[in-house]
Amino acid sequence: MTRQGAQEESDNMLIDEPQLPQRAQIAALPDEFNPSYLKLYYSKLFPHSDLYRWMSYGNDGKHPGCDSSYLGRREFSYTLDNDIFVRYNTFNSAAELENSIKEKCPLKIDIGPIYNLNPANRNAYAGDNVLTPVERELIFDIDMTDYDDVRYCCSGADVCLDCWPLMTVAIKVIDTSLRDDFGFRHILWVYSGRRGVHCWVCDRKARWLTNEQRAAVADYFRVYKGNENSNKKVTLMGQVLHPFLARSYTEVLKEYFETKLLTSQNILSSEERYEKILDMIPDQSIASELRAKWQDGRRSSSAKEDINIVRWEQLKQLLQRHKAQGVRRCVEEIVFTFTYPRLDMEVSKHMNHLLKAPFCVHPKTGRVCVPIDPNNCEEFDPTTVPTLTQLLEELNREGFRSDVEGEWNKTSLGNAIKLFRSSFLQPLLKSCKEEMESSYNAKLQQSKNLLSW
Amino acid sequence: MQVVRSHQSHTSFSSSTGSVSATPTLPLYRSAPELEVRLEDFESFAIDRLRVLKGISDGLSRGKKPDEMEKLVNELWKTNMRHQDSSQVLNKDIISHFVLRLVYCRTEELRKWFLSMESALFRHRFRNQTAEAQRAIMEEFDLPCKAVSNAEFESLKEKLGQVARSIGHNLSLSTADAIYYKVPFEEVPELVAGRKVFINQGYAYVAMNQVVSLVATIFRSLLSKALILTNRKWATSIREQEQHRLTPIVEALCSSYLGPDYSQPKEYGEISLKDIDQLAKSSFPLCMRHLFEKLREDHHLKHAGRMQLGLFLKGVGLNVDDSLAFWREEFSKKDYTPYSCQKIILSTPGVGDHHGCPYRHFGEENLRAALSKMGVNSRAMEDVMGKVRNRDYQLACTLTFEALHAAPCDAGINHPNQYFSDSQKLLKAKKDSSA
């Protein structure tokens, strides 16, 4: 259903329906993205050294505990022009990494795992399965298209400010859990460039998790179990909710549902839409009662109040006082269905899954994959993320002003890189250094103990 | 393990190097002990342990609840695993386990049974250990669990209670339930995946019963691997080497199994096909009645159904008539034993199949119809359906038996041939008394 269509339909249904607000949409302009712009981008703006330092995890220093083979065992893959995909690119120094990217000018750079040996040598060893991943960040991929059945403003590749809050919710819920429940600290959230977000958990413990353990974390987060055949895709069992779900509900989901999504998505405003909700109610008599109330479209209460809010209140009134817990629980189940994060399980479960590197440019939108600050994620606006063209225009404008930091500091990219460094890279590298020193000292102590015999 | 003749003196030492017995009372059987065993102890210890395992097997197949099983295991252990010399109790435990490994390693089916019973036994014994002993065992199994201090428990009690209620366990305030272990979340991926534990700052808080499950799973997987190795050793060297001494004992131990032997049917003489119609109506359990009816209707049964019914009929004493060619090919090759209820319940009938246990595999309506056709009255029907809903399939069949024969069946039904023979006994007795 197009935006236009939705507006007309709602206008016909209800007398006092307020005007739907204008929504900015991210345009996919064909000439937004130009491979020659990309060359300029990689030459002047892309933060090569930051990527290098991140990927080295402290092994690029002079400390005796450094592993000089570390970076070389990491896989990078390139998507080149004409859909050519090249895997197993490896680099042993910052210069190699930077020069390769500048030269090859990949449309997309993916980061893979760290293997047991340098993938460049993989054919030198006989036997299958010689190359195995040994370290890999714990990653998550949240894509707006997985929510298509609960958002009415857009569908498919489109994203707007009315449905973007779903990503905000996902970040808040997952980020809180990763920190409070799992104890992780070095977490990077990145805009995927078009319609979703990626999450990189970089703690040492996270990098060493096995596939089974990654799957366990992903399953811990999983609530939605949808397919076309079921009416109800969220079933919350048990007398009470698990503390993680309960916290997510009271701290994030309920508020976003009731104050934002209910109205911006017009979840109860039309028959087609409210029938979807009524289908989730196991008690037929309640569903019928609500249907009767809503069908004639007349409203007894104040015309000023949003119809969705009024109807939601009516629904809650009837459900929450019911004696059967399965019925009372329905309120939460509806909220979870419309708001709870939907993760791509496959991305998280396998150590060898490739994921796009931050600061790549999305070929369809021209937007840069910039970091998102989880503490301020409600401020993030995907429609104002710098695009490649915009950045190059800014560079031109600033012209010959020299900048100590780097060319990027003259542009809107500056803030993104600063955020990357201050909230993620620096704390991570500090932590890596500390770990390396303490583990090296421990080994020294051990060998001293042995020798003292 | 060294087996010596009875006239030789035997020395006892505690478990050897390598197999660190984590606790004085619950060995982990990680490796064979270096003990000397008298030949007659070799056999008698094993038989005593076997009584325990069979008792457990029996209890499980009767659908005993966990606390009943707990009592049963304790009784069985106390009764059978004693030794007049108290210092020998542990040795008897260890020796009997390893002897039974030899006995039960030889086929897939034997291994499965042994694994299940030993795991159940271990689970119950683990529960009864002291906290200290439990922690030692967990360490042995590489489960770095730490007991949660009282202070921490108090501060987390509400959240822990929430988790328990969210998975259907009611956290009572009894001391047993207040025992929690703290373990890095990555050590318990299954519990994390199912949101069955409270997680905080990287630690999962595991309840006592969950710990038992984890430990039992590890025990089971270790034993499973060990059994495969034992089998290999047995087949390649031990059996040959010991052919005049231990091998006959081991092989004899194996064939002393669960209950009456239905593979030698001699009780009711030979029965021919035309007698079966009447017998089916009066004395077949529902699973076999159903198969037999389908055979009559379609003149055909799929393989699994033929096996289940055919073996049952063999146990009954059916004269395998040559005209029934499709039986012949089944049974000319090997000697099969009629399936027990446990086995039948575990089967998985698909489309076009009629085998399996109707109490489990039929939908409620079909089951009611079938029972009503058998002649079960409506009051008994409700009792039976109650058992079915509770997944006590054998008890459901027992109640059916009792309803149809108007007589109690205290032993409970474990085997279709038992149903048949008990039924025949009752009917014969009635006939005799009325004559």
# chains A, B, ... in the order shown; residues from 1 in each chain; ligands from 1

$ closest_atom_pairs --of "chain B" --to "chain A" --cutoff "10 Å" --atoms "only C-alpha atoms" --output "CSV"
residue,atom,partner,partner_atom,distance
B:Glu158,CA,A:Pro243,CA,9.6
B:Lys159,CA,A:Pro243,CA,6.4
B:Leu160,CA,A:Pro243,CA,8.7
B:Gly161,CA,A:His242,CA,9.7
B:Gln162,CA,A:His242,CA,6.3
B:Val163,CA,A:His242,CA,5.2
B:Ala164,CA,A:His242,CA,8.5
B:Arg165,CA,A:Gln239,CA,5.9
B:Ser166,CA,A:Gly238,CA,4.3
B:Ile167,CA,A:Gly238,CA,5.6
B:Gly168,CA,A:Gly238,CA,6.0
B:His169,CA,A:Gly238,CA,9.4
B:Asn170,CA,A:Gln239,CA,9.8
B:Pro184,CA,A:Phe182,CA,9.2
B:Phe185,CA,A:Phe182,CA,7.5
B:Glu186,CA,A:Gln213,CA,5.8
B:Glu187,CA,A:Gln213,CA,8.2
B:Val188,CA,A:Gln213,CA,8.4
B:Pro189,CA,A:Ala216,CA,5.1
B:Glu190,CA,A:Ala216,CA,6.5
B:Leu191,CA,A:Ala216,CA,8.2
B:Val192,CA,A:Ala216,CA,5.9
B:Ala193,CA,A:Ala216,CA,4.2
B:Gly194,CA,A:Tyr220,CA,6.3
B:Arg195,CA,A:Tyr220,CA,5.6
B:Lys196,CA,A:His242,CA,8.2
B:Val197,CA,A:His242,CA,8.6
B:Phe198,CA,A:Pro243,CA,7.4
B:Ile199,CA,A:Asp181,CA,5.2
B:Asn200,CA,A:Asp181,CA,4.1
B:Gln201,CA,A:Gly183,CA,3.9
B:Gly202,CA,A:Phe182,CA,4.0
B:Tyr203,CA,A:Phe182,CA,7.1
B:Ala204,CA,A:Asp181,CA,8.8

$ select_by_dssp --residues "segment 92-163 of chain A" --states "strand (DSSP E or B)" --output "list of chain:residue names"
A:Lys108, A:Ile109, A:Asp110, A:Ile111, A:Gly112, A:Pro113, A:Ile114, A:Tyr115, A:Pro133, A:Val134, A:Glu135, A:Leu138, A:Ile139, A:Phe140, A:Asp141, A:Ile142, A:Asp143, A:Cys160

$ closest_residue --among "A:Cys199, A:Ile84, A:Ala120, A:Val310" --to "Asp344 of chain A" --atoms "only C-alpha atoms"
A:Cys199

$ select_by_dssp --residues "segment 252-434 of chain A" --states "helix (DSSP H, G or I)" --output "PDB file with C-alpha atoms, in the first residue's frame"
ATOM      1  CA  VAL A 252      11.766   0.590  26.108  1.00  0.00           C
ATOM      2  CA  LEU A 253       9.075  -1.297  24.234  1.00  0.00           C
ATOM      3  CA  LYS A 254       5.971  -0.078  26.001  1.00  0.00           C
ATOM      4  CA  GLU A 255       6.944   3.557  25.761  1.00  0.00           C
ATOM      5  CA  TYR A 256       7.910   3.443  22.112  1.00  0.00           C
ATOM      6  CA  PHE A 257       4.807   1.538  21.193  1.00  0.00           C
ATOM      7  CA  GLU A 258       2.380   3.772  23.045  1.00  0.00           C
ATOM      8  CA  THR A 259       3.939   7.141  22.426  1.00  0.00           C
ATOM      9  CA  LYS A 260       5.383   6.742  18.954  1.00  0.00           C
ATOM     10  CA  LEU A 261       4.567   3.720  16.833  1.00  0.00           C
ATOM     11  CA  LEU A 262       0.920   3.433  17.685  1.00  0.00           C
ATOM     12  CA  THR A 263       0.220   6.777  16.060  1.00  0.00           C
ATOM     13  CA  SER A 264       2.956   7.072  13.465  1.00  0.00           C
ATOM     14  CA  GLU A 271     -10.229  -2.276   9.649  1.00  0.00           C
ATOM     15  CA  GLU A 272      -7.507  -4.157   7.855  1.00  0.00           C
ATOM     16  CA  ARG A 273      -5.006  -3.086  10.447  1.00  0.00           C
ATOM     17  CA  TYR A 274      -7.026  -3.614  13.579  1.00  0.00           C
ATOM     18  CA  GLU A 275      -8.176  -7.007  12.354  1.00  0.00           C
ATOM     19  CA  LYS A 276      -4.543  -8.043  12.438  1.00  0.00           C
ATOM     20  CA  ILE A 277      -4.436  -7.176  16.097  1.00  0.00           C
ATOM     21  CA  LEU A 278      -7.772  -8.772  16.861  1.00  0.00           C
ATOM     22  CA  GLN A 284     -13.224 -14.445  20.686  1.00  0.00           C
ATOM     23  CA  SER A 285     -15.758 -12.596  22.781  1.00  0.00           C
ATOM     24  CA  ILE A 286     -13.327  -9.825  23.551  1.00  0.00           C
ATOM     25  CA  ALA A 287     -12.271  -9.591  19.935  1.00  0.00           C
ATOM     26  CA  SER A 288     -15.907  -9.319  18.896  1.00  0.00           C
ATOM     27  CA  GLU A 289     -16.633  -6.692  21.489  1.00  0.00           C
ATOM     28  CA  LEU A 290     -13.772  -4.579  20.247  1.00  0.00           C
ATOM     29  CA  ARG A 291     -14.720  -5.141  16.655  1.00  0.00           C
ATOM     30  CA  ALA A 292     -18.221  -3.933  17.389  1.00  0.00           C
ATOM     31  CA  LYS A 293     -16.876  -0.811  19.084  1.00  0.00           C
ATOM     32  CA  TRP A 294     -14.604   0.018  16.187  1.00  0.00           C
ATOM     33  CA  GLN A 295     -16.543  -0.997  13.193  1.00  0.00           C
ATOM     34  CA  ILE A 307      -7.906   7.180  17.237  1.00  0.00           C
ATOM     35  CA  ASN A 308      -5.122   4.685  17.702  1.00  0.00           C
ATOM     36  CA  ILE A 309      -4.530   5.746  21.268  1.00  0.00           C
ATOM     37  CA  VAL A 310      -8.222   5.634  22.115  1.00  0.00           C
ATOM     38  CA  ARG A 311      -8.613   2.157  20.675  1.00  0.00           C
ATOM     39  CA  TRP A 312      -5.473   0.882  22.333  1.00  0.00           C
ATOM     40  CA  GLU A 313      -6.804   2.027  25.685  1.00  0.00           C
ATOM     41  CA  GLN A 314     -10.057   0.223  25.039  1.00  0.00           C
ATOM     42  CA  LEU A 315      -8.189  -2.920  24.096  1.00  0.00           C
ATOM     43  CA  LYS A 316      -6.011  -2.792  27.179  1.00  0.00           C
ATOM     44  CA  GLN A 317      -9.014  -2.229  29.424  1.00  0.00           C
ATOM     45  CA  LEU A 318     -10.669  -5.400  28.222  1.00  0.00           C
ATOM     46  CA  LEU A 319      -7.598  -7.606  28.097  1.00  0.00           C
ATOM     47  CA  GLN A 320      -5.796  -6.613  31.246  1.00  0.00           C
ATOM     48  CA  GLN A 325      -3.312 -15.122  32.011  1.00  0.00           C
ATOM     49  CA  GLY A 326      -3.020 -16.024  28.350  1.00  0.00           C
ATOM     50  CA  VAL A 327      -5.412 -13.220  27.574  1.00  0.00           C
ATOM     51  CA  ARG A 328      -3.785 -10.671  29.859  1.00  0.00           C
ATOM     52  CA  ARG A 329      -0.413 -11.545  28.365  1.00  0.00           C
ATOM     53  CA  CYS A 330      -1.791 -10.637  24.944  1.00  0.00           C
ATOM     54  CA  VAL A 331      -1.153  -6.953  25.543  1.00  0.00           C
ATOM     55  CA  GLU A 332       2.561  -7.563  25.935  1.00  0.00           C
ATOM     56  CA  GLU A 333       2.556  -9.937  23.000  1.00  0.00           C
ATOM     57  CA  ILE A 334       1.105  -7.281  20.732  1.00  0.00           C
ATOM     58  CA  VAL A 335       3.660  -4.747  21.892  1.00  0.00           C
ATOM     59  CA  PHE A 336       6.479  -7.227  21.391  1.00  0.00           C
ATOM     60  CA  THR A 337       5.219  -8.109  17.930  1.00  0.00           C
ATOM     61  CA  PHE A 338       5.323  -4.499  16.846  1.00  0.00           C
ATOM     62  CA  THR A 339       8.501  -3.384  18.535  1.00  0.00           C
ATOM     63  CA  MET A 345      20.148 -15.249  13.378  1.00  0.00           C
ATOM     64  CA  GLU A 346      22.443 -16.629  10.718  1.00  0.00           C
ATOM     65  CA  VAL A 347      24.714 -13.608  10.786  1.00  0.00           C
ATOM     66  CA  SER A 348      25.433 -14.046  14.489  1.00  0.00           C
ATOM     67  CA  LYS A 349      25.783 -17.794  14.638  1.00  0.00           C
ATOM     68  CA  PRO A 374      23.852   3.892  21.611  1.00  0.00           C
ATOM     69  CA  ASN A 375      23.542   6.408  24.402  1.00  0.00           C
ATOM     70  CA  ASN A 376      22.014   8.905  21.995  1.00  0.00           C
ATOM     71  CA  CYS A 377      20.492   6.615  19.430  1.00  0.00           C
ATOM     72  CA  GLU A 378      17.112   8.305  19.606  1.00  0.00           C
ATOM     73  CA  GLU A 379      18.803  11.359  18.080  1.00  0.00           C
ATOM     74  CA  PRO A 382      19.166   8.234   8.847  1.00  0.00           C
ATOM     75  CA  THR A 383      17.930  10.947   6.495  1.00  0.00           C
ATOM     76  CA  THR A 384      20.741  13.286   7.451  1.00  0.00           C
ATOM     77  CA  LEU A 388      29.337  10.670  -0.772  1.00  0.00           C
ATOM     78  CA  THR A 389      28.363  13.558  -3.047  1.00  0.00           C
ATOM     79  CA  GLN A 390      27.712  15.777  -0.096  1.00  0.00           C
ATOM     80  CA  LEU A 391      31.084  15.007   1.434  1.00  0.00           C
ATOM     81  CA  LEU A 392      32.939  15.697  -1.773  1.00  0.00           C
ATOM     82  CA  GLU A 393      31.101  18.986  -2.174  1.00  0.00           C
ATOM     83  CA  GLU A 394      32.128  19.898   1.338  1.00  0.00           C
ATOM     84  CA  LEU A 395      35.721  19.026   0.561  1.00  0.00           C
ATOM     85  CA  ASN A 396      35.636  21.259  -2.454  1.00  0.00           C
ATOM     86  CA  ARG A 397      34.174  24.100  -0.505  1.00  0.00           C
ATOM     87  CA  GLU A 398      36.748  23.889   2.258  1.00  0.00           C
ATOM     88  CA  GLU A 407      40.750  15.829   5.401  1.00  0.00           C
ATOM     89  CA  TRP A 408      37.706  14.252   6.922  1.00  0.00           C
ATOM     90  CA  ASN A 409      37.734  16.780   9.675  1.00  0.00           C
ATOM     91  CA  LYS A 410      36.654  19.453   7.182  1.00  0.00           C
ATOM     92  CA  LEU A 413      32.330  12.888   8.396  1.00  0.00           C
ATOM     93  CA  GLY A 414      34.448  14.477  11.097  1.00  0.00           C
ATOM     94  CA  ASN A 415      31.930  13.922  13.821  1.00  0.00           C
ATOM     95  CA  ALA A 416      31.426  10.319  12.840  1.00  0.00           C
ATOM     96  CA  ILE A 417      35.117   9.547  13.017  1.00  0.00           C
ATOM     97  CA  LYS A 418      35.511  11.379  16.290  1.00  0.00           C
ATOM     98  CA  LEU A 419      32.654   9.374  17.741  1.00  0.00           C
ATOM     99  CA  PHE A 420      34.224   6.171  16.474  1.00  0.00           C
ATOM    100  CA  ARG A 421      37.472   7.006  18.207  1.00  0.00           C
ATOM    101  CA  SER A 422      36.274   8.395  21.482  1.00  0.00           C
ATOM    102  CA  SER A 423      33.426   6.039  22.273  1.00  0.00           C
ATOM    103  CA  PHE A 424      34.818   2.879  20.765  1.00  0.00           C
ATOM    104  CA  LEU A 425      38.349   2.669  19.440  1.00  0.00           C
ATOM    105  CA  GLN A 426      40.260   4.350  22.231  1.00  0.00           C
ATOM    106  CA  PRO A 427      38.643   2.458  25.105  1.00  0.00           C
ATOM    107  CA  LEU A 428      39.045  -0.773  23.133  1.00  0.00           C
ATOM    108  CA  LEU A 429      42.747  -0.257  22.444  1.00  0.00           C
ATOM    109  CA  LYS A 430      43.381   0.764  26.027  1.00  0.00           C
ATOM    110  CA  SER A 431      41.750  -2.428  27.181  1.00  0.00           C
ATOM    111  CA  CYS A 432      43.726  -4.506  24.671  1.00  0.00           C
ATOM    112  CA  LYS A 433      46.967  -3.004  25.901  1.00  0.00           C
ATOM    113  CA  GLU A 434      46.093  -3.770  29.496  1.00  0.00           C
TER     114      GLU A 434
END

$ atom_distance --atom1 "atom CA of Cys369 of chain A" --atom2 "atom CA of Arg194 of chain A"
8.6 Å
